[in-house]
$ cat model06.cif   # mmCIF, C-alpha atoms
data_structure
#
loop_
_atom_site.label_atom_id
_atom_site.label_comp_id
_atom_site.auth_asym_id
_atom_site.auth_seq_id
_atom_site.Cartn_x
_atom_site.Cartn_y
_atom_site.Cartn_z
CA MET A 1 0.00 0.00 0.00
CA LYS A 2 1.10 3.59 -0.57
CA THR A 3 -0.78 5.63 2.02
CA PRO A 4 0.94 8.69 3.56
CA ILE A 5 1.59 6.67 6.70
CA CYS A 6 3.23 3.83 4.78
CA LYS A 7 5.54 6.30 3.04
CA MET A 8 6.27 8.24 6.23
CA LEU A 9 7.13 5.17 8.32
CA GLY A 10 8.49 2.86 5.64
CA ILE A 11 5.94 0.09 6.16
CA ASP A 12 3.84 -2.17 3.91
CA PHE A 13 0.50 -1.99 5.74
CA PRO A 14 -0.78 1.04 7.74
CA LEU A 15 -1.55 -0.93 10.90
CA LEU A 16 0.11 0.50 14.01
CA ALA A 17 0.17 -1.59 17.17
CA PHE A 18 0.60 0.02 20.58
CA SER A 19 1.85 -2.45 23.19
CA HIS A 20 3.80 -2.52 26.43
CA CYS A 21 5.27 -5.84 25.26
CA ARG A 22 8.45 -5.85 23.18
CA ASP A 23 7.52 -9.22 21.64
CA VAL A 24 4.32 -7.77 20.20
CA VAL A 25 6.13 -4.69 18.88
CA ALA A 26 8.75 -6.77 17.07
CA ALA A 27 6.25 -9.31 15.72
CA VAL A 28 3.92 -6.67 14.25
CA SER A 29 6.76 -4.84 12.52
CA ARG A 30 8.22 -8.06 11.13
CA ALA A 31 4.77 -8.92 9.73
CA GLY A 32 4.51 -5.65 7.78
CA GLY A 33 2.82 -3.33 10.29
CA PHE A 34 4.40 -0.95 12.76
CA GLY A 35 4.95 -1.74 16.44
CA VAL A 36 4.92 1.05 19.03
CA LEU A 37 6.34 0.36 22.49
CA GLY A 38 4.56 2.01 25.42
CA ALA A 39 7.57 3.30 27.35
CA THR A 40 6.04 5.32 30.17
CA GLY A 41 6.31 2.63 32.85
CA PHE A 42 9.99 1.82 32.26
CA THR A 43 13.05 3.08 34.06
CA LEU A 44 15.91 4.27 31.88
CA ASP A 45 17.79 1.01 32.42
CA GLN A 46 14.72 -1.08 31.63
CA LEU A 47 13.96 0.87 28.45
CA GLU A 48 17.52 0.43 27.25
CA LEU A 49 17.18 -3.35 27.67
CA GLU A 50 13.79 -3.41 25.90
CA LEU A 51 14.96 -1.35 22.94
CA LYS A 52 18.17 -3.34 22.59
CA TRP A 53 16.10 -6.54 22.53
CA ILE A 54 13.77 -5.10 19.89
CA ASP A 55 16.73 -3.99 17.75
CA ASP A 56 18.06 -7.56 17.88
CA HIS A 57 14.73 -9.22 17.01
CA ILE A 58 12.95 -6.93 14.58
CA ASP A 59 14.93 -7.84 11.43
CA GLY A 60 15.69 -4.20 10.65
CA LYS A 61 12.01 -3.27 10.40
CA PRO A 62 10.86 0.13 11.73
CA TYR A 63 9.23 0.70 15.11
CA GLY A 64 8.45 3.56 17.48
CA ILE A 65 7.85 4.44 21.12
CA ASP A 66 5.00 6.09 22.99
CA VAL A 67 5.29 8.19 26.15
CA LEU A 68 2.63 9.76 28.32
CA ILE A 69 3.21 13.44 29.12
CA PRO A 70 -0.05 14.86 30.51
CA GLU A 71 -0.52 18.47 29.47
CA ASN A 72 -2.77 19.09 32.45
CA LEU A 73 -1.30 17.20 35.39
CA SER A 74 -3.01 18.22 38.62
CA ILE A 75 0.10 17.64 40.70
CA ARG A 76 3.68 18.40 39.74
CA TYR A 77 6.64 17.79 41.99
CA ASP A 78 10.24 18.74 42.43
CA LYS A 79 12.64 16.47 40.54
CA SER A 80 13.98 15.10 43.84
CA VAL A 81 10.61 13.70 44.92
CA THR A 82 10.45 9.88 44.78
CA THR A 83 7.63 7.39 44.75
CA ARG A 84 8.30 6.62 48.42
CA SER A 85 7.91 10.22 49.58
CA LEU A 86 4.81 10.72 47.44
CA VAL A 87 3.08 7.62 48.80
CA GLU A 88 3.41 9.07 52.29
CA HIS A 89 1.07 11.90 51.24
CA ILE A 90 -1.75 9.62 50.09
CA PRO A 91 -4.79 10.15 52.38
CA GLN A 92 -5.31 7.41 54.93
CA GLN A 93 -8.93 6.89 53.84
CA HIS A 94 -7.73 5.87 50.39
CA LYS A 95 -5.16 3.47 51.82
CA ASP A 96 -7.84 1.97 54.08
CA PHE A 97 -10.25 1.67 51.15
CA VAL A 98 -7.72 -0.33 49.14
CA ARG A 99 -6.89 -2.56 52.10
CA GLU A 100 -10.58 -3.30 52.59
CA LEU A 101 -10.97 -4.18 48.91
CA LEU A 102 -8.05 -6.59 49.12
CA SER A 103 -9.37 -8.18 52.31
CA ARG A 104 -12.80 -8.73 50.78
CA SER A 105 -11.08 -10.52 47.91
CA GLY A 106 -9.27 -12.89 50.23
CA ILE A 107 -5.92 -11.12 49.88
CA GLU A 108 -3.90 -10.20 52.98
CA PRO A 109 -3.34 -6.45 52.45
CA SER A 110 0.12 -5.81 53.90
CA GLN A 111 1.76 -8.77 52.22
CA ALA A 112 -0.13 -8.14 48.98
CA ILE A 113 0.84 -4.49 48.68
CA GLU A 114 4.49 -5.28 49.25
CA GLU A 115 4.44 -8.32 46.96
CA GLY A 116 2.47 -6.46 44.30
CA ARG A 117 4.78 -3.45 44.19
CA VAL A 118 5.58 -2.68 40.56
CA ARG A 119 7.68 0.43 41.11
CA SER A 120 10.75 0.84 43.28
CA PRO A 121 10.11 3.17 46.25
CA ASP A 122 13.12 5.20 45.13
CA ALA A 123 11.94 5.47 41.52
CA PRO A 124 10.99 8.86 40.05
CA VAL A 125 7.36 9.93 40.29
CA PRO A 126 5.36 8.61 37.29
CA PHE A 127 4.01 10.84 34.49
CA GLN A 128 6.48 13.67 35.03
CA PRO A 129 7.47 15.44 31.76
CA GLU A 130 11.15 15.69 32.68
CA TYR A 131 11.50 11.93 33.04
CA ALA A 132 9.55 11.21 29.85
CA LEU A 133 11.95 13.45 27.94
CA LYS A 134 14.87 11.48 29.37
CA LEU A 135 13.23 8.29 28.06
CA LEU A 136 12.98 9.90 24.63
CA GLU A 137 16.61 11.01 24.70
CA LEU A 138 17.63 7.43 25.43
CA ALA A 139 15.35 6.07 22.71
CA PHE A 140 17.03 8.20 20.05
CA HIS A 141 20.17 6.14 20.52
CA HIS A 142 18.16 3.39 18.82
CA PRO A 143 16.72 3.37 15.27
CA ILE A 144 13.20 4.44 16.26
CA LYS A 145 11.03 5.87 13.47
CA LEU A 146 8.18 7.44 15.48
CA ILE A 147 7.56 9.10 18.84
CA ALA A 148 4.03 9.49 20.15
CA ASN A 149 2.41 11.23 23.10
CA ALA A 150 -0.95 11.00 24.84
CA LEU A 151 -2.97 13.27 27.16
CA GLY A 152 -2.34 16.58 25.49
CA VAL A 153 -0.09 18.58 23.21
CA PRO A 154 3.51 17.31 23.42
CA PRO A 155 5.95 19.71 25.04
CA GLN A 156 7.95 21.76 22.55
CA ALA A 157 11.08 19.86 23.56
CA MET A 158 9.51 16.61 22.31
CA ILE A 159 8.56 18.13 18.97
CA ASP A 160 12.06 19.62 18.67
CA MET A 161 13.60 16.19 19.31
CA GLY A 162 11.56 14.72 16.48
CA ARG A 163 12.66 17.47 14.11
CA GLN A 164 16.29 17.11 15.12
CA HIS A 165 16.32 13.37 14.44
CA GLY A 166 14.01 13.40 11.42
CA VAL A 167 11.41 11.31 13.25
CA PRO A 168 7.65 12.02 12.98
CA VAL A 169 5.80 13.05 16.14
CA ALA A 170 2.31 11.63 16.70
CA ALA A 171 -0.27 12.75 19.24
CA LEU A 172 -3.53 11.21 20.43
CA VAL A 173 -6.72 13.29 20.46
CA GLY A 174 -10.31 12.69 21.51
CA ALA A 175 -12.01 15.76 20.06
CA PRO A 176 -11.67 17.93 16.93
CA GLU A 177 -10.57 20.99 18.93
CA HIS A 178 -7.76 18.90 20.41
CA ALA A 179 -6.64 17.97 16.89
CA VAL A 180 -6.57 21.62 15.84
CA ARG A 181 -4.28 22.49 18.76
CA GLN A 182 -1.99 19.56 17.93
CA VAL A 183 -1.68 20.50 14.27
CA LYS A 184 -0.94 24.12 15.14
CA ALA A 185 1.71 22.93 17.60
CA GLY A 186 3.49 21.07 14.78
CA VAL A 187 2.75 17.37 15.23
CA ASP A 188 3.16 15.19 12.14
CA ILE A 189 0.48 12.54 12.75
CA ILE A 190 -2.88 12.72 14.53
CA VAL A 191 -4.26 9.62 16.25
CA ALA A 192 -8.00 10.23 16.56
CA GLN A 193 -9.04 7.94 19.37
CA GLY A 194 -12.73 7.31 19.99
CA GLY A 195 -14.37 6.53 23.30
CA GLU A 196 -14.45 2.81 22.49
CA ALA A 197 -10.69 2.67 23.04
CA GLY A 198 -8.92 1.08 25.97
CA GLY A 199 -6.79 3.25 28.22
CA HIS A 200 -7.25 7.01 28.44
CA CYS A 201 -10.01 8.07 26.07
CA GLY A 202 -12.77 10.60 25.57
CA GLU A 203 -16.47 10.06 25.04
CA VAL A 204 -16.98 10.62 21.28
CA SER A 205 -17.30 7.44 19.21
CA THR A 206 -14.68 6.63 16.59
CA ILE A 207 -17.10 6.69 13.66
CA VAL A 208 -18.08 10.27 14.56
CA LEU A 209 -14.63 11.47 15.63
CA ILE A 210 -12.72 10.59 12.44
CA PRO A 211 -14.69 12.81 10.04
CA GLU A 212 -14.89 15.56 12.69
CA VAL A 213 -11.11 15.63 13.05
CA LEU A 214 -10.47 15.49 9.31
CA ARG A 215 -12.84 18.37 8.71
CA ALA A 216 -11.37 20.45 11.56
CA ILE A 217 -7.72 20.21 10.50
CA LYS A 218 -8.18 20.39 6.72
CA PRO A 219 -7.99 24.22 6.51
CA ILE A 220 -4.81 24.31 8.60
CA ARG A 221 -2.41 21.73 7.24
CA ASP A 222 -2.36 18.32 5.55
CA VAL A 223 -1.70 15.90 8.43
CA PRO A 224 -2.43 12.15 8.21
CA VAL A 225 -5.01 10.91 10.70
CA LEU A 226 -4.93 7.43 12.17
CA ALA A 227 -8.19 5.94 13.41
CA ALA A 228 -8.21 4.43 16.90
CA GLY A 229 -10.78 3.06 19.31
CA GLY A 230 -12.43 -0.36 19.20
CA ILE A 231 -10.65 -1.43 15.99
CA MET A 232 -10.14 -5.18 16.20
CA THR A 233 -10.52 -6.35 12.59
CA GLY A 234 -9.36 -5.54 9.10
CA ARG A 235 -12.90 -4.72 8.03
CA GLN A 236 -13.16 -2.06 10.73
CA MET A 237 -9.83 -0.69 9.58
CA ALA A 238 -11.08 -0.52 5.99
CA ALA A 239 -14.24 1.27 7.14
CA CYS A 240 -12.19 3.92 8.94
CA MET A 241 -9.97 4.41 5.90
CA ALA A 242 -13.07 4.77 3.74
CA MET A 243 -13.91 7.76 5.96
CA GLY A 244 -10.51 9.28 5.22
CA ALA A 245 -8.20 7.84 7.85
CA ALA A 246 -4.67 7.05 6.68
CA GLY A 247 -4.48 3.85 8.72
CA ALA A 248 -5.30 2.38 12.12
CA TRP A 249 -3.78 2.70 15.59
CA THR A 250 -4.66 -0.39 17.63
CA GLY A 251 -4.04 -1.60 21.16
CA SER A 252 -6.61 -3.91 22.75
CA VAL A 253 -6.47 -6.54 20.02
CA TRP A 254 -2.85 -7.34 20.94
CA LEU A 255 -3.73 -8.06 24.59
CA ALA A 256 -5.26 -11.37 23.53
CA THR A 257 -2.10 -12.61 21.79
CA THR A 258 0.28 -15.25 23.06
CA GLU A 259 3.09 -12.67 23.25
CA SER A 260 1.11 -10.11 25.27
CA GLU A 261 2.19 -8.82 28.68
CA THR A 262 -1.22 -9.63 30.14
CA SER A 263 -1.79 -12.61 32.43
CA GLU A 264 -3.46 -15.82 31.33
CA ILE A 265 -6.29 -14.97 33.73
CA PHE A 266 -6.92 -11.66 32.01
CA ARG A 267 -6.83 -13.22 28.55
CA GLU A 268 -9.44 -15.71 29.75
CA LYS A 269 -11.59 -12.84 30.98
CA MET A 270 -11.21 -11.08 27.61
CA ILE A 271 -12.62 -14.12 25.82
CA GLU A 272 -15.51 -14.26 28.29
CA ALA A 273 -16.28 -10.55 28.06
CA ARG A 274 -18.84 -8.72 25.96
CA SER A 275 -18.43 -5.19 24.66
CA ARG A 276 -20.64 -3.93 27.50
CA ASP A 277 -18.22 -5.32 30.07
CA THR A 278 -15.85 -2.35 29.90
CA ILE A 279 -16.12 0.91 31.81
CA ARG A 280 -14.51 4.37 31.78
CA SER A 281 -13.21 4.90 35.29
CA LYS A 282 -10.69 7.08 37.13
CA GLY A 283 -10.00 4.22 39.53
CA ARG A 284 -6.73 3.17 37.94
CA THR A 285 -4.82 6.33 37.03
CA GLY A 286 -6.87 9.27 38.27
CA LYS A 287 -7.97 10.20 34.74
CA PRO A 288 -10.82 8.49 32.84
CA SER A 289 -9.57 5.32 31.19
CA ARG A 290 -11.49 2.39 29.74
CA GLN A 291 -10.80 -0.97 31.34
CA LEU A 292 -12.47 -4.30 31.92
CA ARG A 293 -15.15 -3.99 34.57
CA SER A 294 -14.28 -5.79 37.79
CA THR A 295 -14.85 -5.59 41.55
CA TRP A 296 -12.05 -3.00 41.57
CA THR A 297 -13.77 -0.65 39.09
CA ASP A 298 -17.17 -1.23 40.70
CA ALA A 299 -15.79 -0.25 44.10
CA TRP A 300 -14.24 3.00 42.88
CA GLU A 301 -17.41 3.99 41.06
CA GLY A 302 -19.67 2.89 43.94
CA PRO A 303 -21.32 4.91 46.75
CA GLY A 304 -18.67 4.01 49.33
CA SER A 305 -15.74 5.23 47.24
CA PRO A 306 -13.56 8.04 48.60
CA GLY A 307 -13.14 9.16 45.00
CA ALA A 308 -10.11 8.66 42.80
CA LEU A 309 -7.00 10.67 43.60
CA PRO A 310 -5.49 12.92 40.92
CA MET A 311 -2.79 11.57 38.63
CA PRO A 312 -0.17 10.35 39.56
CA LEU A 313 -1.34 9.50 43.13
CA GLN A 314 -4.06 7.06 42.07
CA SER A 315 -1.61 4.88 40.17
CA LEU A 316 0.58 4.56 43.26
CA ILE A 317 -2.20 2.81 45.15
CA SER A 318 -3.90 1.00 42.27
CA GLU A 319 -0.95 -0.69 40.57
CA PRO A 320 0.42 -2.62 43.59
CA ALA A 321 -3.08 -3.74 44.58
CA LEU A 322 -4.07 -4.87 41.10
CA HIS A 323 -0.77 -6.65 40.55
CA ALA A 324 -1.35 -8.45 43.84
CA ALA A 325 -4.81 -9.46 42.62
CA ASP A 326 -3.24 -10.90 39.45
CA LEU A 327 -0.83 -12.98 41.51
CA ALA A 328 -3.56 -14.21 43.86
CA ALA A 329 -5.81 -15.13 40.94
CA GLU A 330 -3.03 -17.15 39.35
CA ARG A 331 -2.80 -19.11 42.63
CA GLY A 332 -6.47 -20.05 42.37
CA ASN A 333 -8.15 -17.30 44.42
CA ALA A 334 -11.59 -16.99 42.78
CA LYS A 335 -12.46 -13.69 44.49
CA ALA A 336 -9.16 -12.18 43.41
CA ARG A 337 -9.99 -13.22 39.84
CA GLU A 338 -13.09 -11.03 40.04
CA MET A 339 -10.83 -8.05 40.81
CA VAL A 340 -8.47 -8.63 37.87
CA THR A 341 -8.76 -5.86 35.29
CA TYR A 342 -6.66 -4.07 32.69
CA PHE A 343 -6.99 -1.32 30.10
CA VAL A 344 -9.13 -2.64 27.24
CA GLY A 345 -11.57 -1.21 24.72
CA GLN A 346 -15.13 -2.11 23.82
CA GLY A 347 -13.81 -4.23 20.97
CA VAL A 348 -13.11 -6.90 23.59
CA GLY A 349 -16.47 -8.39 22.62
CA LEU A 350 -14.87 -9.44 19.31
CA VAL A 351 -12.17 -11.50 21.03
CA ASP A 352 -12.99 -15.21 20.85
CA SER A 353 -9.57 -16.83 21.23
CA VAL A 354 -5.90 -16.21 21.97
CA LYS A 355 -3.75 -16.10 18.84
CA SER A 356 -0.18 -15.28 17.87
CA THR A 357 0.59 -11.67 17.00
CA ARG A 358 1.59 -12.67 13.49
CA ALA A 359 -1.76 -14.45 13.00
CA VAL A 360 -3.63 -11.31 14.05
CA VAL A 361 -1.69 -9.15 11.57
CA LYS A 362 -2.40 -11.68 8.82
CA GLU A 363 -6.13 -11.64 9.64
CA PHE A 364 -6.15 -7.84 9.54
CA MET A 365 -4.58 -7.87 6.09
CA GLU A 366 -6.89 -10.55 4.71
CA GLU A 367 -10.05 -8.95 6.09
CA PHE A 368 -8.96 -5.53 4.85
CA VAL A 369 -8.50 -6.86 1.30
CA GLU A 370 -11.86 -8.66 1.48
CA ALA A 371 -13.62 -5.47 2.63
CA VAL A 372 -12.08 -3.39 -0.16
CA SER A 373 -12.96 -6.06 -2.74
CA ASP A 374 -16.55 -6.25 -1.49
CA LEU A 375 -16.90 -2.48 -1.73
CA GLN A 376 -15.48 -2.42 -5.25
CA ALA A 377 -17.88 -5.17 -6.28
CA LEU A 378 -20.84 -3.18 -4.93
CA MET A 379 -19.74 -0.11 -6.86
CA GLU A 380 -19.42 -2.11 -10.09
CA ASP A 381 -22.92 -3.50 -9.63
#

$ encode --input "model06.cif" --output "structure tokens"
Amino acid sequence: MKTPICKMLGIDFPLLAFSHCRDVVAAVSRAGGFGVLGATGFTLDQLELELKWIDDHIDGKPYGIDVLIPENLSIRYDKSVTTRSLVEHIPQQHKDFVRELLSRSGIEPSQAIEEGRVRSPDAPVPFQPEYALKLLELAFHHPIKLIANALGVPPQAMIDMGRQHGVPVAALVGAPEHAVRQVKAGVDIIVAQGGEAGGHCGEVSTIVLIPEVLRAIKPIRDVPVLAAGGIMTGRQMAACMAMGAAGAWTGSVWLATTESETSEIFREKMIEARSRDTIRSKGRTGKPSRQLRSTWTDAWEGPGSPGALPMPLQSLISEPALHAADLAAERGNAKAREMVTYFVGQGVGLVDSVKSTRAVVKEFMEEFVEAVSDLQALMED
């Protein structure tokens, strides 16, 4: 194919795959798409290891990285502040609420929180722009071909880095006015993400958002728009491109692959789930994000909830607890299994089995070709 995205990124098929798993990133790129590694949760040392592994296993194919630099972060801290010192400022009622949730799920709170810790107490505070820029600086020592940002307009320093290295800068948006601001700021690719998407998302559906964004940015500058949100099949991808999208940005579909970072328990729950089994909740990060509904999300949205803390505080209490629930579920704790959740879009209802990443890419390509052929046949008739 010769879409603007294919030419810009040097790929055969305009299917971009966001994943926190290096195996998925490499497999998608090798199969003709474009893998994008979610780098926000890594330390500098960890990211170096991940990127080195990708370089060694991607057969010279292009790939990119995604960071999360919130434009409107409620709380910003001095560079010297660590996770440990920040946790000490979490209100006691929130700590007690989490402990009660764990207890009700048959998980001993103190042991679980320590065992489920996913971030070193001495690690930098998550979601801080300064640290994200350090991750980007490190990434440019590798042959990355795209940098992407979510939750607002990228800082000028990020856009400047892209220009300096000749690498396109992408940004996720959930409304046409957001896209206008991004284009005026100088981003090279817009990812228009509908409310069906997993992770942080808005409320406008993908099928409405794509034409809105295209119409809004057309008078300003010619910028390719990737469709995102609930896209799990090649036919959906073709439909979005028929509306004017230059390709698809996908995430949830890769969670049900054999290479995914998700647990076997969660993949089982994905297969069981319907599209109505997801919910937009602040209970994981402090900002609205779509995830699989569970006893965790129900509790935070329920009448007894103390209310989610602002980003990044909420993540500091949610991640250890949810990781502990994953571990307990793997040991056979049925109540803990009910708590297991993860970021996933409404397209989860289309997941019926766990497949290899390469098989998913192949299905996307085949279904895309079928959809285009069917449309051409209708036009000829």

$ resolve_selection --input "model06.cif" --expression "the PyMOL selection byres ((chain A and resi 259) around 6)" --output "PDB file with C-alpha atoms, in the coordinates of the input"
ATOM      1  CA  ASP A  23       7.520  -9.220  21.640  1.00  0.00           C
ATOM      2  CA  VAL A  24       4.320  -7.770  20.200  1.00  0.00           C
ATOM      3  CA  THR A 257      -2.100 -12.610  21.790  1.00  0.00           C
ATOM      4  CA  THR A 258       0.280 -15.250  23.060  1.00  0.00           C
ATOM      5  CA  SER A 260       1.110 -10.110  25.270  1.00  0.00           C
TER       6      SER A 260
END

$ resolve_selection --input "model06.cif" --expression "the PyMOL selection byres ((chain A and resi 357-361) around 9)" --output "list in words"
Leu15, Asp23, Val24, Ala27, Val28, Arg30, Ala31, Gly32, Gly33, Thr233, Gly234, Val253, Trp254, Ala256, Thr257, Thr258, Glu259, Ser260, Lys355, Ser356, Lys362, Glu363, Phe364, Met365 and Glu366 of chain A

$ atom_distance --input "model06.cif" --atom1 "atom CA of Leu255 of chain A" --atom2 "atom CA of His142 of chain A"
25.4 Å

$ residues_around --input "model06.cif" --residues "segment 96-101 of chain A" --least-positions-apart "5" --cutoff "12 Å" --atoms "all atoms listed in the file" --output "CSV table (one decimal) with C-alpha atoms, in the frame of the given file"
chain,number,residue,atom,x,y,z
A,90,ILE,CA,-1.8,9.6,50.1
A,91,PRO,CA,-4.8,10.2,52.4
A,106,GLY,CA,-9.3,-12.9,50.2
A,107,ILE,CA,-5.9,-11.1,49.9
A,108,GLU,CA,-3.9,-10.2,53.0
A,109,PRO,CA,-3.3,-6.4,52.4
A,110,SER,CA,0.1,-5.8,53.9
A,111,GLN,CA,1.8,-8.8,52.2
A,112,ALA,CA,-0.1,-8.1,49.0
A,113,ILE,CA,0.8,-4.5,48.7
A,283,GLY,CA,-10.0,4.2,39.5
A,284,ARG,CA,-6.7,3.2,37.9
A,294,SER,CA,-14.3,-5.8,37.8
A,295,THR,CA,-14.8,-5.6,41.6
A,296,TRP,CA,-12.0,-3.0,41.6
A,297,THR,CA,-13.8,-0.6,39.1
A,298,ASP,CA,-17.2,-1.2,40.7
A,299,ALA,CA,-15.8,-0.2,44.1
A,300,TRP,CA,-14.2,3.0,42.9
A,302,GLY,CA,-19.7,2.9,43.9
A,304,GLY,CA,-18.7,4.0,49.3
A,305,SER,CA,-15.7,5.2,47.2
A,306,PRO,CA,-13.6,8.0,48.6
A,307,GLY,CA,-13.1,9.2,45.0
A,308,ALA,CA,-10.1,8.7,42.8
A,314,GLN,CA,-4.1,7.1,42.1
A,316,LEU,CA,0.6,4.6,43.3
A,317,ILE,CA,-2.2,2.8,45.2
A,318,SER,CA,-3.9,1.0,42.3
A,319,GLU,CA,-1.0,-0.7,40.6
A,320,PRO,CA,0.4,-2.6,43.6
A,321,ALA,CA,-3.1,-3.7,44.6
A,322,LEU,CA,-4.1,-4.9,41.1
A,324,ALA,CA,-1.4,-8.4,43.8
A,325,ALA,CA,-4.8,-9.5,42.6
A,335,LYS,CA,-12.5,-13.7,44.5
A,336,ALA,CA,-9.2,-12.2,43.4
A,338,GLU,CA,-13.1,-11.0,40.0
A,339,MET,CA,-10.8,-8.0,40.8

$ resolve_selection --input "model06.cif" --expression "the PyMOL selection byres ((chain A and resi 178-188) around 12)" --output "PyMOL selection string"
chain A and resi 4-5+8-9+71+146-163+166-177+189-193+202+209-226

$ closest_residue --input "model06.cif" --among "A:Ser85, A:Ala329, A:Arg235, A:Phe13" --to "Ser373 of chain A" --atoms "all atoms listed in the file"
A:Arg235
